[in-house]
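Structure file my_file25.txt; described as compact mmCIF, C-alpha atoms.
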```txt
# COMPACT_ATOMS: atom_id res chain seq x y z
CA MET A 1 0.00 0.00 0.00
CA SER A 2 1.03 3.58 -0.58
CA PHE A 3 -0.48 7.07 -0.80
CA GLU A 4 0.29 10.34 -2.57
CA LEU A 5 1.52 13.75 -1.48
CA GLU A 6 1.63 16.56 -4.06
CA GLY A 7 1.09 13.85 -6.68
CA VAL A 8 4.19 11.90 -5.53
CA GLU A 9 3.88 8.34 -4.29
CA ILE A 10 4.82 7.88 -0.62
CA GLU A 11 5.64 4.27 0.08
CA ASP A 12 3.89 2.73 3.08
CA THR A 13 7.10 1.95 4.94
CA TYR A 14 9.21 3.21 7.82
CA ALA A 15 12.64 4.63 8.53
CA GLU A 16 14.61 2.74 11.14
CA ALA A 17 16.61 4.96 13.50
CA PHE A 18 18.77 4.05 16.47
CA SER A 19 20.12 5.45 19.72
CA THR A 20 23.34 7.42 19.95
CA PHE A 21 25.14 9.71 22.37
CA THR A 22 25.21 13.36 21.38
CA SER A 23 27.06 16.49 22.39
CA ARG A 24 26.85 20.05 21.06
CA VAL A 25 29.62 22.61 20.79
CA LEU A 26 29.16 26.34 20.20
CA ILE A 27 32.05 27.69 18.17
CA THR A 28 32.56 31.47 18.09
CA ALA A 29 35.05 33.58 16.14
CA LYS A 30 35.76 37.18 15.18
CA ASN A 31 33.42 36.94 12.20
CA GLU A 32 30.97 34.60 10.50
CA LYS A 33 33.56 33.42 7.99
CA TRP A 34 35.85 31.97 10.65
CA ALA A 35 33.02 30.58 12.76
CA ILE A 36 31.69 28.62 9.77
CA GLU A 37 35.17 27.61 8.58
CA THR A 38 35.98 26.22 12.03
CA ALA A 39 32.65 24.41 12.30
CA ARG A 40 33.17 22.74 8.92
CA GLU A 41 36.64 21.60 9.89
CA ALA A 42 35.45 20.25 13.25
CA THR A 43 32.66 18.22 11.65
CA GLY A 44 34.78 16.74 8.86
CA PHE A 45 34.90 12.97 8.26
CA GLY A 46 31.71 12.65 10.27
CA THR A 47 29.18 11.03 7.92
CA SER A 48 28.52 7.48 9.12
CA GLN A 49 29.60 5.31 12.02
CA VAL A 50 30.20 2.55 9.48
CA MET A 51 33.76 3.88 9.08
CA CYS A 52 33.90 7.41 10.54
CA PRO A 53 34.92 7.82 14.21
CA ALA A 54 31.81 9.96 14.81
CA GLU A 55 28.82 11.44 13.03
CA ALA A 56 28.90 15.22 13.02
CA GLY A 57 27.35 18.24 11.39
CA ILE A 58 26.33 21.87 11.69
CA ASP A 59 23.16 22.39 13.72
CA PHE A 60 22.37 26.13 13.61
CA GLU A 61 23.73 29.66 13.99
CA PRO A 62 22.52 31.25 17.24
CA GLU A 63 21.41 34.87 17.45
CA SER A 64 23.51 35.48 20.58
CA THR A 65 26.64 33.94 22.07
CA PRO A 66 28.47 34.14 25.43
CA ASP A 67 31.22 36.37 24.00
CA ASP A 68 28.92 38.38 21.69
CA ARG A 69 30.67 37.13 18.56
CA PRO A 70 29.30 35.23 15.55
CA GLY A 71 28.79 31.56 16.34
CA VAL A 72 27.89 28.15 14.94
CA VAL A 73 26.53 25.20 16.92
CA ILE A 74 27.68 21.73 15.86
CA GLN A 75 26.57 18.26 16.93
CA ILE A 76 28.92 15.33 17.42
CA CYS A 77 27.40 11.86 17.84
CA GLY A 78 28.93 8.54 18.85
CA PRO A 79 27.82 5.02 19.83
CA LYS A 80 29.63 5.08 23.21
CA LYS A 81 30.27 7.76 25.81
CA ASP A 82 34.01 7.20 25.97
CA SER A 83 34.44 7.29 22.18
CA LEU A 84 32.34 10.46 21.97
CA GLU A 85 34.51 12.09 24.64
CA GLN A 86 37.61 11.20 22.66
CA GLN A 87 36.08 12.71 19.52
CA LEU A 88 35.21 15.92 21.36
CA LEU A 89 38.77 16.17 22.62
CA ALA A 90 40.21 15.45 19.19
CA ARG A 91 37.91 17.67 17.16
CA VAL A 92 37.95 20.65 19.53
CA GLY A 93 41.66 20.22 20.19
CA GLN A 94 42.74 19.78 16.59
CA CYS A 95 40.13 21.79 14.68
CA VAL A 96 38.87 24.55 16.99
CA LEU A 97 41.94 25.28 19.11
CA THR A 98 44.00 25.57 15.92
CA SER A 99 41.56 27.84 14.07
CA PRO A 100 42.18 31.61 14.02
CA THR A 101 40.19 33.58 16.66
CA ALA A 102 38.00 30.58 17.56
CA ALA A 103 36.57 29.76 21.00
CA ALA A 104 34.49 26.79 22.21
CA PHE A 105 31.49 26.75 24.55
CA ASN A 106 29.01 24.12 25.68
CA ALA A 107 25.71 24.20 23.76
CA LEU A 108 23.77 21.44 25.49
CA ASP A 109 21.87 21.63 28.79
CA SER A 110 22.38 18.21 30.30
CA GLU A 111 22.69 16.50 33.66
CA GLU A 112 25.78 14.62 32.48
CA MET A 113 28.88 16.63 31.61
CA LEU A 114 32.31 15.91 30.15
CA GLY A 115 35.39 17.86 31.26
CA ILE A 116 36.65 18.70 27.79
CA GLY A 117 38.03 22.12 28.70
CA ASN A 118 39.55 20.75 31.89
CA LYS A 119 41.56 18.29 29.80
CA LEU A 120 42.49 20.53 26.87
CA ARG A 121 43.82 23.13 29.30
CA TYR A 122 47.02 21.08 29.57
CA PHE A 123 47.96 22.33 26.11
CA GLY A 124 48.77 25.57 27.96
CA ASP A 125 51.70 23.77 29.59
CA GLY A 126 51.01 25.34 32.98
CA PHE A 127 50.50 28.87 31.65
CA GLU A 128 46.71 28.44 31.31
CA LYS A 129 44.38 30.42 33.56
CA ASP A 130 40.86 30.10 34.97
CA GLY A 131 38.32 32.63 33.73
CA GLU A 132 34.65 33.44 33.29
CA VAL A 133 32.66 34.44 30.21
CA ASP A 134 29.02 35.41 30.62
CA GLY A 135 28.83 33.43 33.86
CA ARG A 136 30.47 30.35 32.33
CA SER A 137 33.59 28.81 33.85
CA VAL A 138 36.30 28.71 31.18
CA ARG A 139 39.98 28.00 30.68
CA ILE A 140 42.13 30.60 28.97
CA ILE A 141 45.02 29.03 27.10
CA PRO A 142 47.86 31.18 25.74
CA ILE A 143 48.52 30.46 22.07
CA MET A 144 50.79 32.02 19.45
CA SER A 145 48.03 34.26 18.06
CA GLY A 146 46.69 35.35 21.46
CA GLU A 147 44.40 33.29 23.70
CA PHE A 148 42.07 30.32 23.24
CA VAL A 149 38.97 30.27 25.44
CA ILE A 150 37.16 27.00 26.14
CA GLU A 151 34.38 26.19 28.58
CA ASN A 152 35.29 23.60 31.21
CA GLN A 153 32.29 21.27 30.89
CA PHE A 154 30.34 20.05 27.85
CA GLY A 155 26.99 18.25 28.03
CA ILE A 156 26.27 14.77 26.72
CA THR A 157 22.85 13.18 26.23
CA ASP A 158 20.99 10.33 24.56
CA GLY A 159 20.14 11.21 20.98
CA VAL A 160 18.66 9.63 17.87
CA ALA A 161 20.59 8.77 14.70
CA GLY A 162 19.66 7.36 11.34
CA GLY A 163 16.32 8.99 10.62
CA ASN A 164 16.10 8.85 6.84
CA PHE A 165 14.11 8.94 3.63
CA PHE A 166 14.83 8.14 -0.03
CA ILE A 167 14.08 10.48 -2.93
CA LEU A 168 13.46 8.58 -6.17
CA GLY A 169 13.76 10.89 -9.18
CA GLY A 170 13.03 10.54 -12.86
CA GLU A 171 16.47 11.95 -13.60
CA GLN A 172 19.56 12.75 -11.56
CA ASP A 173 19.16 16.53 -11.76
CA SER A 174 15.60 16.53 -10.45
CA ALA A 175 16.42 14.06 -7.68
CA LEU A 176 19.39 16.18 -6.60
CA GLU A 177 17.32 19.37 -6.67
CA ALA A 178 14.72 17.71 -4.47
CA ALA A 179 17.40 16.51 -2.06
CA GLU A 180 18.88 20.01 -1.85
CA LYS A 181 15.47 21.54 -1.10
CA ALA A 182 14.86 18.86 1.53
CA VAL A 183 18.14 19.70 3.28
CA ASP A 184 17.35 23.42 3.15
CA ALA A 185 14.04 22.74 4.90
CA ILE A 186 15.67 20.53 7.52
CA ARG A 187 18.24 23.19 8.38
CA ASN A 188 15.42 25.18 9.98
CA VAL A 189 14.80 22.42 12.54
CA GLU A 190 17.08 23.30 15.45
CA GLY A 191 18.52 20.27 17.23
CA THR A 192 19.09 18.20 14.08
CA ILE A 193 21.93 17.62 11.64
CA THR A 194 22.30 15.99 8.23
CA PRO A 195 25.85 14.61 8.53
CA PHE A 196 26.62 13.64 4.94
CA PRO A 197 28.20 15.95 2.29
CA GLY A 198 25.80 18.84 1.79
CA GLY A 199 23.33 16.79 3.85
CA ILE A 200 22.85 14.28 1.00
CA VAL A 201 23.81 10.60 0.65
CA SER A 202 24.66 9.62 -2.92
CA SER A 203 25.67 6.03 -2.13
CA GLY A 204 23.19 4.62 0.37
CA SER A 205 24.22 1.27 1.81
CA LYS A 206 22.73 -1.92 3.14
CA VAL A 207 23.97 -3.92 6.13
CA GLY A 208 26.49 -6.60 5.20
CA SER A 209 27.27 -8.02 1.76
CA ILE A 210 26.06 -10.67 -0.63
CA ASN A 211 29.52 -11.50 -1.99
CA TYR A 212 32.10 -10.18 0.49
CA SER A 213 31.91 -11.52 4.04
CA PHE A 214 34.57 -9.09 5.33
CA LEU A 215 32.41 -6.01 4.67
CA HIS A 216 29.93 -4.56 7.16
CA ALA A 217 28.11 -2.42 4.58
CA THR A 218 27.82 -2.43 0.79
CA THR A 219 25.86 -0.66 -1.93
CA ASN A 220 22.07 -0.80 -1.54
CA HIS A 221 21.73 -2.72 -4.80
CA PRO A 222 17.90 -2.88 -4.95
CA TYR A 223 17.95 0.93 -5.29
CA CYS A 224 20.76 1.19 -7.88
CA PRO A 225 19.25 2.21 -11.26
CA THR A 226 22.15 1.13 -13.48
CA ILE A 227 21.79 -2.53 -12.44
CA ARG A 228 18.00 -2.58 -12.21
CA ASP A 229 17.73 -5.18 -14.99
CA GLU A 230 20.29 -7.44 -13.28
CA VAL A 231 18.69 -7.43 -9.84
CA GLU A 232 15.60 -9.58 -9.29
CA GLU A 233 14.80 -7.80 -6.01
CA THR A 234 15.01 -4.29 -7.48
CA LYS A 235 12.75 -1.78 -5.78
CA LEU A 236 12.92 0.82 -8.53
CA PRO A 237 10.11 1.66 -10.95
CA GLY A 238 11.20 1.84 -14.57
CA ASP A 239 11.01 5.63 -14.66
CA VAL A 240 13.51 6.22 -11.83
CA ASP A 241 17.08 7.12 -12.82
CA ALA A 242 18.54 8.33 -9.50
CA VAL A 243 17.99 7.87 -5.77
CA TYR A 244 19.30 10.14 -3.03
CA GLU A 245 19.03 9.46 0.69
CA ILE A 246 18.71 12.05 3.44
CA VAL A 247 19.98 10.95 6.86
CA ILE A 248 19.07 12.91 9.98
CA ASN A 249 20.42 12.82 13.54
CA GLY A 250 18.82 14.76 16.35
CA LEU A 251 18.65 15.44 20.06
CA ASP A 252 15.41 13.48 20.35
CA LEU A 253 12.90 11.52 18.28
CA ASP A 254 10.42 14.39 17.90
CA LYS A 255 13.06 16.62 16.34
CA VAL A 256 14.10 13.90 13.90
CA LYS A 257 10.46 13.31 12.92
CA LYS A 258 9.89 17.03 12.41
CA ALA A 259 12.98 17.25 10.21
CA MET A 260 11.90 14.25 8.14
CA GLU A 261 8.42 15.71 7.67
CA ARG A 262 9.74 19.07 6.49
CA GLY A 263 12.30 17.45 4.22
CA ILE A 264 9.77 15.17 2.53
CA LYS A 265 7.23 17.96 2.04
CA ALA A 266 9.91 20.10 0.40
CA ALA A 267 11.19 17.29 -1.83
CA VAL A 268 7.83 16.29 -3.33
CA LYS A 269 7.29 19.78 -4.73
CA VAL A 270 10.08 19.29 -7.28
CA PRO A 271 8.88 18.07 -10.69
CA GLU A 272 9.94 14.57 -11.77
CA VAL A 273 10.20 13.24 -8.22
CA VAL A 274 8.56 9.84 -8.64
CA LYS A 275 8.49 8.36 -5.15
CA ILE A 276 9.55 8.76 -1.53
CA SER A 277 10.67 5.72 0.44
CA ALA A 278 12.91 4.99 3.45
CA GLY A 279 15.57 2.60 4.67
CA ASN A 280 14.96 -0.04 7.31
CA TYR A 281 16.35 -3.37 8.37
CA ASP A 282 13.23 -5.18 9.58
CA GLY A 283 13.62 -3.63 13.01
CA GLU A 284 16.98 -5.29 13.66
CA LEU A 285 19.15 -2.14 13.62
CA GLY A 286 17.35 0.37 15.84
CA LYS A 287 14.40 0.72 18.18
CA TYR A 288 12.84 3.74 16.44
CA LEU A 289 10.49 2.86 13.55
CA ILE A 290 9.29 6.09 11.95
CA SER A 291 6.27 5.63 9.67
CA LEU A 292 6.27 7.84 6.58
CA GLU A 293 2.48 7.86 6.50
CA GLU A 294 2.23 9.14 10.07
CA LEU A 295 4.74 11.89 9.28
CA VAL A 296 3.01 13.49 6.33
CA ASP A 297 -0.60 12.28 6.47
```
In structure tokens, write the structure found in this file.
Amino acid sequence: MSFELEGVEIEDTYAEAFSTFTSRVLITAKNEKWAIETAREATGFGTSQVMCPAEAGIDFEPESTPDDRPGVVIQICGPKKDSLEQQLLARVGQCVLTSPTAAAFNALDSEEMLGIGNKLRYFGDGFEKDGEVDGRSVRIIPIMSGEFVIENQFGITDGVAGGNFFILGGEQDSALEAAEKAVDAIRNVEGTITPFPGGIVSSGSKVGSINYSFLHATTNHPYCPTIRDEVEETKLPGDVDAVYEIVINGLDLDKVKKAMERGIKAAVKVPEVVKISAGNYDGELGKYLISLEELVD
């Protein structure tokens, strides 16, 4: 069974999402250029836990910051608390500390905190100082270009990863346009990220492999248009030439659902979008089963 939205078929299926641990960092800098540049660097190589050490992305740009400078909030997600802490240390230490004029503040109200600033202070080699910015306890580390300011404690919480939907297009250009519009709509949902390049997955995967036992993930062959005639279990109509996936992580399930809803409603308005579907693994990957019909009905 399926239904239509804006004349586009919505498959009666669900997206399967899973639990993750999430932290948020507010990066500030002297201007918007350096805040965004630093945020992009700090969220690099953060697409999928299949091979990346964390999933990461830009969340939003706040209207105000503790030091009254332009800022960008990023999310970093990991399967375990200790690995997420290591990623925070590595990404803030190697990508924010090293970036011109940048500072790092906590952007997550949480009962559980990680002492990221308390650990990175040792880079100051004993010359670091305690300080306060807008009522926040910070460390001030002397660096060659001046000082690096970092908040002592950063929050960590349970989040949701892997919310997703597929955009099936009649041609690659229309499918990509729909994916871009979907990501633009999702960017307005604070508390969510789309961790892949430009928020779009070009090479969606399935769990495991048919032919290679040493691989944990391989191409999602039922959705590959160039081998449609070779694959008995193809899930592509004959008029589909490209499929893009949008993956969404968020602070909670409601935010992920809201982002999926907005993304789908934006995508179906693009001509030549044939169908919307989603990725799931029969409930074996994650505990969150997000019905497409319930999202947009």
As a check of understanding: the span from atom CA of Gln75 of chain A to atom CA of Pro195 of chain A is 9.2 Å
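Between atom CA of Ser203 of chain A and atom CA of Phe18 of chain A there is a distance of 19.9 Å.
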Straight-line distance linking atom CA of Ser213 of chain A with atom CA of Phe166 of chain A, stated in Å to one decimal: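 Distance reported for this atom pair: 26.4 Å.
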Next item on the list: For Gly250 of chain A, work out the shell of residues within 7 Å, counting all atoms listed in the file and skipping chain neighbours fewer than 6 positions away, then give it as a ChimeraX atom specification.
Entry: /A:159-161,191-193,256
Restricting to all atoms listed in the file, whichever of A:Gly283, A:Gly155, A:Pro79, A:Gly170 is closest to Phe105 of chain A is A:Gly155
Considering all atoms listed in the file, state which residue in the set A:Val268, A:Lys206, A:Val274, A:Gln172 is at the smallest distance from Tyr244 of chain A.
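Using all atoms listed in the file, the shortest distance to Tyr244 of chain A belongs to A:Gln172.
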Selection near Ile76 of chain A, 7 Å with only C-alpha atoms, sequence-local residues under 3 positions removed, as a VMD selection string: chain A and resid 22 to 24 54 to 57
Go ahead and write the residues just picked, C-alpha atoms, as a compact mmCIF listing (two decimals), keeping the file's coordinate frame.
```txt
# COMPACT_ATOMS: atom_id res chain seq x y z
CA THR A 22 25.21 13.36 21.38
CA SER A 23 27.06 16.49 22.39
CA ARG A 24 26.85 20.05 21.06
CA ALA A 54 31.81 9.96 14.81
CA GLU A 55 28.82 11.44 13.03
CA ALA A 56 28.90 15.22 13.02
CA GLY A 57 27.35 18.24 11.39
```
Which is closer to Pro197 of chain A than all the others in A:Val133, A:Ile36, A:Val247, A:Asp297, using only C-alpha atoms?
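For Pro197 of chain A, the nearest of the candidates is A:Val247.
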Of the residues A:Asn152, A:Ser277, A:Asn249, A:Asn220, which is the one nearest to Ile186 of chain A, using all atoms listed in the file?
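Closest residue, counting all atoms listed in the file: A:Asn249.
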**Report entry** Neighbour list for His221 of chain A as a PyMOL selection string, cut-off 9 Å, only C-alpha atoms, skip fewer than 5 positions in-chain
**Finding:** chain A and resi 205-206+227-228+231+233-234
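Using only C-alpha atoms, every residue with an atom at most 6 Å from the point (34.4, 29.6, 28.8) is listed here: Phe105, Glu132, Val133, Arg136, Ser137, Val138, Val149, Ile150 and Glu151 of chain A.
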Those same residues - C-alpha atoms - I'd like them written as a PDB file, keeping the file's coordinate frame.
```pdb
ATOM      1  CA  PHE A 105      31.490  26.750  24.550  1.00  0.00           C
ATOM      2  CA  GLU A 132      34.650  33.440  33.290  1.00  0.00           C
ATOM      3  CA  VAL A 133      32.660  34.440  30.210  1.00  0.00           C
ATOM      4  CA  ARG A 136      30.470  30.350  32.330  1.00  0.00           C
ATOM      5  CA  SER A 137      33.590  28.810  33.850  1.00  0.00           C
ATOM      6  CA  VAL A 138      36.300  28.710  31.180  1.00  0.00           C
ATOM      7  CA  VAL A 149      38.970  30.270  25.440  1.00  0.00           C
ATOM      8  CA  ILE A 150      37.160  27.000  26.140  1.00  0.00           C
ATOM      9  CA  GLU A 151      34.380  26.190  28.580  1.00  0.00           C
TER      10      GLU A 151
END
```
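Distances from A:Pro222, A:Pro62, A:Gly199, A:Gly163 to Leu285 of chain A were compared using only C-alpha atoms, and the smallest one belongs to A:Gly163.
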Q. Of the candidates A:Ala102, A:Ala278, A:Glu9, A:Gly71, which shows the shortest atom-to-atom distance to Gly146 of chain A, using only C-alpha atoms?
A.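 Among A:Ala102, A:Ala278, A:Glu9, A:Gly71, it is A:Ala102 that comes nearest to Gly146 of chain A.
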Residues of segment 61-163 of chain A within 9 Å of segment 49-53 of chain A: nearest atom pair and distance (Å, one decimal) for each, counting all atoms listed in the file, sorted by chain and number, as CSV?
```
residue,atom,partner,partner_atom,distance
A:Gly78,CA,A:Gln49,CA,7.6
A:Pro79,CA,A:Gln49,CA,8.0
A:Ser83,CA,A:Pro53,CA,8.0
A:Leu84,CA,A:Pro53,CA,8.6
A:Gln87,CA,A:Pro53,CA,7.3
```
Name all residues at most 8 Å from Val25 of chain A (count all atoms listed in the file; drop same-chain ones fewer than 6 positions away) and give them as a PyMOL selection string. chain A and resi 73-75+104-108+154
Inset, instruction - Tell me which protein, DNA and RNA residues are within 7 Å of Ala267 of chain A, counting only C-alpha atoms, leaving out same-chain ones fewer than 4 positions away, and put them as an MDAnalysis selection string. - result: chainID A and resid 178:179 181:182 263
